[in-house]
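Let me begin by presenting the structure, written as structure tokens, before commenting on it.
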Amino acid sequence: MTEATMTPTKPNRFGGFDFKTAGPAIALLILCGIGFALNPAFLSEGNISNLLTRSAFIGIIAVGATFVITAGGIDLSVGSMAAVIAGVMIIVMNGAVDTFGTGVTTVLIGCGCSIILGIGAGWVNGVLTTKGKIEAFIVTLGTMGIYRSLVTYFADGGTLSLNYDIRGVYRPVYYDSFGGLPIPVWVFIVVSICGWLLLNRTAFGRYCTAIGSNESVAQYSAIKVDRIKTMTYVIQGLCVSLATIIYVPRLGSASSSTGVLWELEAIAAVIIGGTVLKGGYGRIGGTILGALILTTIGNILNFTDMISNYLNGTMQGLIIIIAVWLQRGDWGRKTKTD
Amino acid sequence: MTEATMTPTKPNRFGGFDFKTAGPAIALLILCGIGFALNPAFLSEGNISNLLTRSAFIGIIAVGATFVITAGGIDLSVGSMAAVIAGVMIIVMNGAVDTFGTGVTTVLIGCGCSIILGIGAGWVNGVLTTKGKIEAFIVTLGTMGIYRSLVTYFADGGTLSLNYDIRGVYRPVYYDSFGGLPIPVWVFIVVSICGWLLLNRTAFGRYCTAIGSNESVAQYSAIKVDRIKTMTYVIQGLCVSLATIIYVPRLGSASSSTGVLWELEAIAAVIIGGTVLKGGYGRIGGTILGALILTTIGNILNFTDMISNYLNGTMQGLIIIIAVWLQRGDWGRKTKTD
Amino acid sequence: MPDGQSINASVLAAEGVSKSFGSVPVLFSISMDIRAGEVHALIGENGAGKSTLMKILSGFLQPTSGHISLDGAEISLPPNGQSEALGVVLIHQELNLAEQMTVEENVFLGRELRKGATLDRARMRDTVAGYLEDIGLEISPDSRISDLSIAQKQMVEIVKAISRDARVLIMDEPTAALTEAETALFFSQIERLRDKGVGIVFVSHKLAEVSAIADRVTVLRDGQWIATQKASDLPPDAMAQMMVGRELSDLYPPLNEVDVDAEKVLQVQGLVAPAVKGISFDLKRGEILGFSGLIGSGRTAVFEAICGLAPIEAGTVSAFGQEGGFRSVAAARDAGVVYLTKDRKEKGLLLAQKMRPNLTLFALPKFLRGMRIDGKAEDAALERAIRRFDIRARDPNVDVGDMSGGNQQKLLLAKVMECDPKILIIDEPTRGIDVGTKQQIYHFIAAIAAEGVSVVVISSEMPEVIGLSHRVVVMREGEITGILSGDEINENEIVRYAAGLKRGEH
Amino acid sequence: AETIKIGVSYPTPTHAWAAGMNWHAEQAEKRLEALYPDVDLVLINSPDPSAQASALEDLVSVHGIDALVVLPFESEPLTDPVLNVKKSGALITVVDRGLSQPGIEDIYVAGNNPELGRVSAQYMKTRLKDGDNIVVLRGIPTLIDNERFDAFMAEMEGSGVNILDHKHANWNRDDGFEVMQDFLSRFPDIDAVWAQDDDIAIGVVAALKQAGRDGDGMFVVGGAGMKETIKAIMDGETLVPVDVLYPPSMIATAMDVTVAAFKSNGPVAGRYILGATLITPENAASFYFPDSPF
Ligand SMILES: Nc1ncnc2c1ncn2[C@@H]1O[C@H](COP(=O)(O)OP(=O)(O)OP(=O)(O)O)[C@@H](O)[C@H]1O
Ligand SMILES: Nc1ncnc2c1ncn2[C@@H]1O[C@H](COP(=O)(O)OP(=O)(O)OP(=O)(O)O)[C@@H](O)[C@H]1O
Ligand SMILES: [Mg+2]
Ligand SMILES: [Mg+2]
């Protein structure tokens, strides 16, 4: 019985993903195989780069959602929050043109504003949940409606468009590459690494897990439960604002249909990645794979006309269920007794 | 210490709603007050009857959702399920016209088909969750997409409409009244009473609560956890099919936009009513009030053009948050120490 | 040790502390002081208010009246374990670990060691590994709590407490789930801490332990302070008498002999299941069969497999002549075979619910009239159970999670008994139960066995197994090493089988 | 005199065209209420068909309207609810999407969806030759989308132009962008894109520019008449050379006609079908409303 002491599981330090991540990784590989079989262009550089860039939005938001969910919360407002932040950013930047011209300053003002709004919106969600003692589901359902209608109001039901001159300055943030990778992908990578470190290598991450696992244990361990929970929403807000900062230069506009259903996609990415919806166990690595899986499904469906367009949703639903099943089935069990 | 023996908790039998329901009830009363203040027509018989009838859909679905949530699950697929059931009902009834004519038989065939589909769809959700061991969130997100795209497929992207001759026969199910109350309201009442009895007066209800509180305690207490959980999804499916049966004669059609976001409304109704999202505590009475609250909010907003239409969502969000806060604040605490 | 010396000055003291929950009073003006370098035992019946007092002494609860003083100065202790910063540490009676996290994460929860902005994981692991070794616990710091047995969890709690820099260490029934061997290891740690000048408060229902380790003893009864005395002046019998307030007769009832020809109600042949490696035994009608062994020896696993809670991989189980074991707990229950879990918090009771639904949950079909649950029958059952098992909840509407540990255990026993079992398997029947009630439960077990019910008692308390059983099965690492009967049933023999020093033919 | 109450019900604007419609409706409300003090217009928008059905009930039971101007979310599901309003005695004006039973509405004002598809296809044919390739981005799967698409396909039939594939882009810029990106990865040779709607077209153009495939005479045809698009056409943009009109102002027209039914002496009834005009640099100026959100 001394083996237990002798062969402690080596924490696979910067090896990065933990072993269980194998499930989603395999699901992703299978999907890529299917994509390639349908159309070799799937693996073309252009498509891979498109795919990664698209994953960046949902991925960045999902990194934030991993914290919220790990700590036992949920945030349904992220899609609407992204829309309203994008809207306000555009209004602010258009307004700043008069004073600051169409240069980098204006763009930075916009980004600063986005970050402040993101943090603020997250903080509101957090405080209503913790201090207001209202179920997170209700709070964020409420703010979801509020943000969505605010952006509609700001846009007068239509679309807010960024001043064309600023677009020139801001465009590269979405369209340019650096070292072969588009900038949004770099942002995604940085956010993922920071998220991973925060969740797995800091006390904050442990506190999130502890709170999600058992709130009273956390409280009895002198953890400031309310503060940590609020912080998870703030991180979520920050992630949304980062995602928005790289989203706006893409089309330079925001409307009431911006970010619709992103919340479900983000939560789905988190859960496909193996994080437990009820909290207490979170995996950033899995979340990233989850985001990639979701984007790849959509991408593959655009690559074939074998199935009726109308059945896209069916394929999507089936693939999500199968992908999660893959990691829960015998697979999961094998790794567990390991 | 014999007091324990002397004063066993008197179950407040058909006193009906438990005491804590006071929270949502007060929120509803306040809303009604506001409605009346805005426009006295709010309390007109016609409006009250409209309001109740509308609540019936969401209310019936939410009764089912109460079981799922109480047992610790979640069902995101109900809106899409309603759409696909409505679609298939219409196809079946239109098809049955040739053989069975445009009489009651055809309508009954449609209803039978609806019930079978509802039970079947619920069963699929349940089995994937329990036997497949996939998170309910993922399963039902998947089936949500599948059902939604199936109805689009059946409708060929457009709208499925019920044969006009059958409509005549079927119409009264939605539009007629009986003893002063519209028929959908009667259905709602019956479903609510059955749901209440089932949750509070039968072994099944106890088992749902036990599973939601602690699955392993339930398992060790000889409860067939998988079976009961599956049953909750079946009940949810049945409720959706009943709601659909009274929905179809209202608009006589189904399309890909039928039932969009009903899942969120149903869950919101359940949680506004005081059921705990993580399971273990469910209240049918609260759910019913929750459904009424949601419908009333929409109704009130149609009553006034004081605020920009675009801000409807903002009002809705605020009111939901405040309504839930009302029952959590001092109020809740007072009743708890009581 | 003479009083009045500086090392024996009182560190932490409760002065005239009273506590009520709502309108229900639980403690009445209790005074108690803890000195540096002493082990102070607190004993009393279930529900006497021990845990409540401990929580007040460590800031988790605030007294309704009276006050706490630290180093002689009156102080209002900060809530939620923040008084750890003042050197006052409490191990809760109810395990207080985050299940999905690892041992290391739990031990350092809330006071992680850091290296710059990130955690110093290597140092934390090594520290925990060191503690685990000291206390003789053979698990890895990276094990998940949910994969540990209750006893191991309890040991982790102890490691957690030891690892804190405590001046006063308060432990609420730390040994309830431990075997004697583990208890001995634990006590050696306690002695080390005492020698370092830590004041230790320790709640236990195992009076022999109290005699062995405590310097002073305080007795509570029904929320009242009864006495504080030197442990050496107080033999266990006297303690028991002070707690219960009456003379206790023999702890163990006389055993009814089992009929030699009694039918074999349960026969197990070559059973292989998770953590069980091929075991065979049988159980006669009216027999009390003890199961002994070290922690993790697989006793629980055997019966979980038999009762349909875990898959049977090989071998046969036949109950009442029926081959084939049970596919579900419900099937086992319907056949009259019920299992009472040792893990009352995770597997036994719904802590957020009241007593009534908990009591009837297992035997619910019995309470159905048609489709409906018969509320009156439930009330009657609750009333009966409260009387029969002497369940003391001052407020009958209290959530089960707020009941005292011992009373929860009694409720759990009552819950299982509602099924009218023919074969009753009790895992750790008296964990956390006071002597008075223990005696009642032993007599109760003997009585139902006399009526023809067969009872399996899995217990880590050696005297209990010895005092109750007709035969004793000893397990080690998933196998049976011996089945003892008659005079063989004694501590020496059992320990030798359990440690693998001896193997019997059976 | 008694006030004349007119309810105006239409879908909640969730895309730019609908927002334009909303803008025109609000302008018309202000204008008409100022012009006729005894007319009260009540504007309600609804997020889905059943909410719209509820709104219609409320207009009758609460506001007691004398006339209804309705742009149905979908034809089928709103036929019965509108019929119920009619039974209350109100004058019914239906806008854009016809009801599925004839004879309910007194006045009908509509754009022409099949015509939009046909006009787009006709323009495509003038620019493309045999063997050229196009891709199609459709809207949200609905009747409108089907009508436009079917008419477009019918018109293209036999032209020799290959339609490589068609996918739904949900009248949404983001979806337009992503679907077009994937089309570009998939098909090396695309000569033109029918985006059906100006919102989708914006996403398509962004994707073309990103991939650097916006030259070589490549062009995109959108639809509906978004002000930015019209502006670009006026300025001689070549990537989006034309637009096909589907005027959001039709709701205002309907409101005008409905009020006229009460105010003018002669009977006002009938069908007003607005054409799907091809907007070219020549005629663009007359369709440009810089203040509208659309
Ligand atoms: N939070 C609470 N709310 C209401 N009553 C409580 C609460 N906590 C404890 N009690 C009651 O206080 C009394 C004393 O409980 P306590 O846990 O202190 O007993 P104990 O002496 O530790 O018993 P045991 O030996 O069984 O652990 C019990 O009647 C219990 O039900
Ligand atoms: N289903 C299972 N799969 C794998 N391992 C298991 C399973 N069930 C139990 N174990 C492990 O087998 C060992 C035996 O556990 P068991 O609880 O049966 O022992 P026990 O003798 O009852 O000990 P205790 O004194 O802790 O109650 C433990 O290490 C436990 O973690
Ligand atoms: Mg206690
Ligand atoms: Mg007006």
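Ordering of the structure tokens sets the chain letters (A, B, ...); residue numbers start at 1 within each chain; ligands are numbered from 1 in the order shown.
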Residues within 7 Å of ligand 3 (only C-alpha atoms and all ligand atoms), as number ranges by chain?
C: 46-47, 49-51, 93, 172, 404-406
Can those selected residues be exported to a file as an mmCIF file, in the first residue's frame so that it contains C-alpha atoms?
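Final output, result-v4.cif:
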data_model
loop_
_atom_site.group_PDB
_atom_site.id
_atom_site.type_symbol
_atom_site.label_atom_id
_atom_site.label_comp_id
_atom_site.auth_asym_id
_atom_site.auth_seq_id
_atom_site.Cartn_x
_atom_site.Cartn_y
_atom_site.Cartn_z
ATOM 1 C CA ASN C 46 -26.287 13.399 21.932
ATOM 2 C CA GLY C 47 -27.762 16.813 21.581
ATOM 3 C CA GLY C 49 -24.830 20.968 23.023
ATOM 4 C CA LYS C 50 -21.185 19.980 22.655
ATOM 5 C CA SER C 51 -20.849 20.868 18.992
ATOM 6 C CA GLN C 93 -18.041 17.069 13.530
ATOM 7 C CA ASP C 172 -15.451 17.550 17.426
ATOM 8 C CA SER C 404 -26.811 16.969 16.434
ATOM 9 C CA GLY C 405 -24.636 14.291 14.870
ATOM 10 C CA GLY C 406 -25.779 11.544 17.176
#
Contacts from chain A to chain D, 8 Å maximum, only C-alpha atoms: show me the residue list as a PyMOL selection string.
chain A and resi 39+41-42+44+46-47+50+152+155-159+175+250-251+255-258+299+302-303+305+309-310
Suppose we keep N, CA and C atoms; can you now write the selection as a CSV table (one decimal), in the first residue's frame?
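Wrote result26.csv, looks like this:
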chain,number,residue,atom,x,y,z
A,39,ASN,N,-14.0,17.6,-47.8
A,39,ASN,CA,-13.4,18.5,-48.7
A,39,ASN,C,-12.0,18.9,-48.2
A,41,ALA,N,-10.1,21.0,-48.9
A,41,ALA,CA,-9.9,22.5,-48.6
A,41,ALA,C,-10.1,22.8,-47.1
A,42,PHE,N,-10.7,21.9,-46.4
A,42,PHE,CA,-10.9,22.1,-45.0
A,42,PHE,C,-9.6,22.4,-44.2
A,44,SER,N,-7.0,23.6,-45.6
A,44,SER,CA,-6.2,24.7,-46.2
A,44,SER,C,-5.8,25.7,-45.1
A,46,GLY,N,-6.0,28.9,-45.2
A,46,GLY,CA,-7.0,29.9,-45.0
A,46,GLY,C,-8.1,29.5,-44.2
A,47,ASN,N,-8.6,28.3,-44.4
A,47,ASN,CA,-9.7,27.8,-43.6
A,47,ASN,C,-9.3,27.6,-42.1
A,50,ASN,N,-9.3,30.9,-40.6
A,50,ASN,CA,-10.7,31.4,-40.4
A,50,ASN,C,-11.3,30.8,-39.1
A,152,THR,N,-30.6,47.6,-28.8
A,152,THR,CA,-31.7,48.0,-29.8
A,152,THR,C,-32.0,49.4,-29.7
A,155,ALA,N,-29.3,51.6,-31.0
A,155,ALA,CA,-29.2,51.6,-32.5
A,155,ALA,C,-30.5,51.9,-33.1
A,156,ASP,N,-31.5,52.3,-32.3
A,156,ASP,CA,-32.8,52.6,-32.9
A,156,ASP,C,-33.4,51.4,-33.7
A,157,GLY,N,-33.1,50.3,-33.2
A,157,GLY,CA,-33.6,49.1,-33.8
A,157,GLY,C,-32.7,48.6,-35.0
A,158,GLY,N,-31.9,49.5,-35.4
A,158,GLY,CA,-31.1,49.1,-36.6
A,158,GLY,C,-29.7,48.7,-36.2
A,159,THR,N,-28.7,49.3,-36.9
A,159,THR,CA,-27.3,49.0,-36.8
A,159,THR,C,-26.5,50.2,-36.5
A,175,TYR,N,-8.0,41.9,-38.8
A,175,TYR,CA,-7.6,41.2,-40.1
A,175,TYR,C,-6.1,41.0,-40.2
A,250,ARG,N,-14.2,43.7,-37.1
A,250,ARG,CA,-14.5,42.8,-38.1
A,250,ARG,C,-15.5,43.3,-39.1
A,251,LEU,N,-16.6,43.8,-38.6
A,251,LEU,CA,-17.6,44.4,-39.6
A,251,LEU,C,-17.9,45.8,-39.2
A,255,SER,N,-25.6,45.5,-33.8
A,255,SER,CA,-27.0,45.6,-33.9
A,255,SER,C,-27.7,44.7,-32.8
A,256,SER,N,-29.0,44.7,-32.8
A,256,SER,CA,-29.6,43.9,-31.8
A,256,SER,C,-29.4,42.4,-32.1
A,257,SER,N,-28.9,42.1,-33.3
A,257,SER,CA,-28.7,40.7,-33.5
A,257,SER,C,-27.3,40.3,-33.2
A,258,THR,N,-26.5,41.2,-32.8
A,258,THR,CA,-25.1,40.8,-32.5
A,258,THR,C,-25.1,40.0,-31.2
A,299,ASN,N,-18.4,25.1,-39.4
A,299,ASN,CA,-17.5,25.2,-40.6
A,299,ASN,C,-17.8,24.0,-41.5
A,302,ASN,N,-20.8,24.1,-43.5
A,302,ASN,CA,-20.8,25.0,-44.7
A,302,ASN,C,-19.9,24.4,-45.8
A,303,PHE,N,-19.3,23.3,-45.6
A,303,PHE,CA,-18.4,22.7,-46.6
A,303,PHE,C,-19.0,21.6,-47.4
A,305,ASP,N,-22.8,20.2,-49.3
A,305,ASP,CA,-24.2,20.4,-49.5
A,305,ASP,C,-24.9,19.0,-49.5
A,309,ASN,N,-30.0,22.1,-46.0
A,309,ASN,CA,-29.7,23.3,-45.2
A,309,ASN,C,-30.5,23.3,-43.9
A,310,TYR,N,-31.7,22.8,-44.1
A,310,TYR,CA,-32.7,22.9,-43.0
A,310,TYR,C,-32.2,22.0,-41.8
Residues of chain C within 7 Å of chain B, counting only C-alpha atoms - could you list those as a short mmCIF file (atom, residue, chain, number, x, y, z; two decimals) with C-alpha atoms, in the first residue's frame?
data_model
loop_
_atom_site.label_atom_id
_atom_site.label_comp_id
_atom_site.auth_asym_id
_atom_site.auth_seq_id
_atom_site.Cartn_x
_atom_site.Cartn_y
_atom_site.Cartn_z
CA VAL C 329 -31.58 -1.54 -3.82
CA ALA C 330 -35.33 -1.63 -4.16
CA GLU C 346 -23.32 11.95 1.74
CA LYS C 347 -25.38 8.80 1.43
CA GLY C 348 -27.67 8.58 4.41
CA LEU C 349 -29.77 11.66 5.00
CA LEU C 350 -31.14 14.58 3.07
CA LEU C 361 -37.88 7.81 2.29
CA PHE C 362 -36.48 4.30 2.30
CA LEU C 364 -41.97 4.92 1.27
CA MET C 371 -51.16 6.68 -5.08
CA ARG C 372 -51.04 9.05 -2.15
CA ILE C 373 -48.57 9.23 0.64
CA ASP C 379 -46.59 11.33 11.43
CA GLU C 383 -43.64 9.77 16.59
CA ILE C 386 -38.63 9.43 18.06
CA ARG C 392 -33.81 14.40 20.52
CA ALA C 393 -34.46 17.40 18.38
CA ARG C 394 -35.54 20.29 20.48
CA ASP C 395 -37.23 21.80 17.51
CA PRO C 396 -39.09 19.08 15.60
CA ASN C 397 -39.12 21.22 12.46
#
Quick one: residues within 9 Å of Met124 (chain D), only C-alpha atoms counted, chain neighbours fewer than 4 positions away excluded, as a list in words?
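Returned residues: Val119, Ser120, Leu128, Met156, Ala192, Trp194 and Val221 of chain D.
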Expected answer as a PyMOL selection string: strand (DSSP E or B) residues in region 237-279 of chain C:
chain C and resi 264-273+276-279
